[in-house]
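**Student:** Have a look at the structure that comes next, please.
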Amino acid sequence: MLPVNTTAVQPKPVPAWLVLLFPLGAVIVSITFATKPLILIGLLIAIPVALAVLRKPDLLIPVVTFLIFINAPVVAVQYHRVPFVIAAAIPMLLVLPVAHQVFIKRQPIILTGATPPLFLFMLVQLLGVPHALRSDDAAEVVFASLTEGMVLYLLVLNVIRSSSMLRQVIWALLLAGTFLGALGLFQQVTRTYNKNYGGFAQVSNAAFEVAGSRTGQLQPRLAGPIGEKNFYAQYMLMLIPLGLSRWWAEERTELRVLALACCFLIGIGAALTFSRGAMVGFGVLVMMMMLAGYIRVRHLIPLAIGTLLICLTVPALQTRFQKLLDAGSGDISTQSRLTEMMAAAMVFVDHPIVGVGPGMFRYHYEDYADIFGLRLLAGDRASHNLYLGMAAENGLLGILCFLAFLGITLYRLRRGWVTARSPAAAHTCAAFFFSLIAFMATSMFLNFAYVRYFWLLAAIAGAAPTVMAAEIRSPSDPIDSTSMESR
């Protein structure tokens, strides 16, 4: 019989400090659970998540995307008294996967052709601060534009480096929109408008009387986690082409059905805002998809039937649609918005180079609005038109840089769409192309606000053609952002 080496299997003694740590930890856990159980539960969840993230930082990317779209950081501060520093750190978690890519995997930092106009746009905003009427307020707008705009854009652009990650991020967006849409539908069906469901189902102060209602029934307008119905509708509408892309691109039947279900609930969420601008944006989106061949004439009949069924299910939509048709015949809201748009145009004429400064139009509104005599509303007012408002606040330099950013992004998506080697890649690039078209159409009636949503979606749209171009190359070739951009 061979001798057994008993010394090799002798266990090491437990360190004395660890022996003392167990009872101390038990006392701390007991006290925490007795006084603040939610904090303890949060810690118990956060610790394994943190360990998993340290092992694989890419897990953070779809999670952070989901949290940003449902506006979790802002909701946590406003409704749950979470410290601002903790909430603001959620988007910054993307620094970890970026650092992993750059310092561990030795991958280059990705910059696309749309990046220079973005830098120039931020520079123009900085130049507008010194001569702004209220430079402190203008500086706050620029700071938000830098953190929620350029920094977020660059982080997202550099964490999406494969088609599988791009797919995960798209699904994270769709599930976020589905969650919000389902919550809004439940709120509408149960008529629990007095509840905000943790801040994720806020209701706008605006309400309108439903036509044909004998009791003068008022229909509230849902505003999701943002608290502003029109912007909530705008960003929900941008998700619909992404959902359709999953219907076209996914191979598994259950995922394709799930994509359609997501589109339905996202569409319901947008519809329950009763935003007329979103209705126009949806019409433009359908027309653009028809021109591109994604929607054919035979698809219009089921589309019209579906729209009619939604209107019959939610009668208040008929009232809002009638308001849209009557917008040019003395509608008070239309008159006030036209006044604000024309005032923004006049501000731009008087300050054509760098404008009156970021966020400053509202302080100049009354000085110009009474010239037109349509409908002057007292107080600070937005331009209700992204292009005129941006021209008024950032001048010709600012609006040209922003339009150049949009134009280059759309061009890259169109090129990726045409040159894609697979139908899935083509559908993905096309979906983001239509998503940005929806944003541009609805921006005819909205100023530039809640910018983190736009920059998040624009960054993912910017990453899509870069990822597709990189995967056309040989897997053994290193990723070169310069060569990818030339495609």
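Ligands are numbered from 1 in the order shown, residues from 1 within each chain, and chains are lettered A, B, ... in the order they appear in the structure tokens.
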Could you pull the residues within 8 Å of Gln202 of chain A, counting only C-alpha atoms, minus those fewer than 5 positions along the same chain, as an NGL selection string?
**Tutor:** :A and (195-197 or 222-227)
**Student:** At a cut-off of 12 Å, using only C-alpha atoms, what residues contact Ile70 of chain A? Leave out same-chain residues fewer than 6 positions from it and give the result as a list in words.
**Tutor:**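 Skipping anything fewer than 6 positions along the chain leaves Val63, Val64, Ala76, Ala172, Leu173, Leu174, Leu175, Ala176, Gly177, Thr178, Phe179, Leu180, Gly181, Leu183, Gly198, Gly199, Phe200, Ala201, Gln202, Ala223, Gly224, Pro225, Ile226, Gly227, Tyr232, Tyr235, Met236, Arg452 and Tyr453 of chain A.
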**Student:** Name the closest residue to Ile353 of chain A among the candidates A:Met341, A:Ala72, A:Leu93, A:Ile399; distances are taken between atoms, counting only C-alpha atoms.
**Tutor:**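 Among A:Met341, A:Ala72, A:Leu93, A:Ile399, it is A:Ile399 that comes nearest to Ile353 of chain A.
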**Student:** Which neighbours of Phe402 of chain A fall inside 7 Å, counting only C-alpha atoms, when residues of the same chain fewer than 3 positions from it are skipped, and could you give them as a list in words?
**Tutor:**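 The contact residues come out as Pro117, Leu118, Phe121, Gly398, Ile399, Phe405 and Leu406 of chain A.
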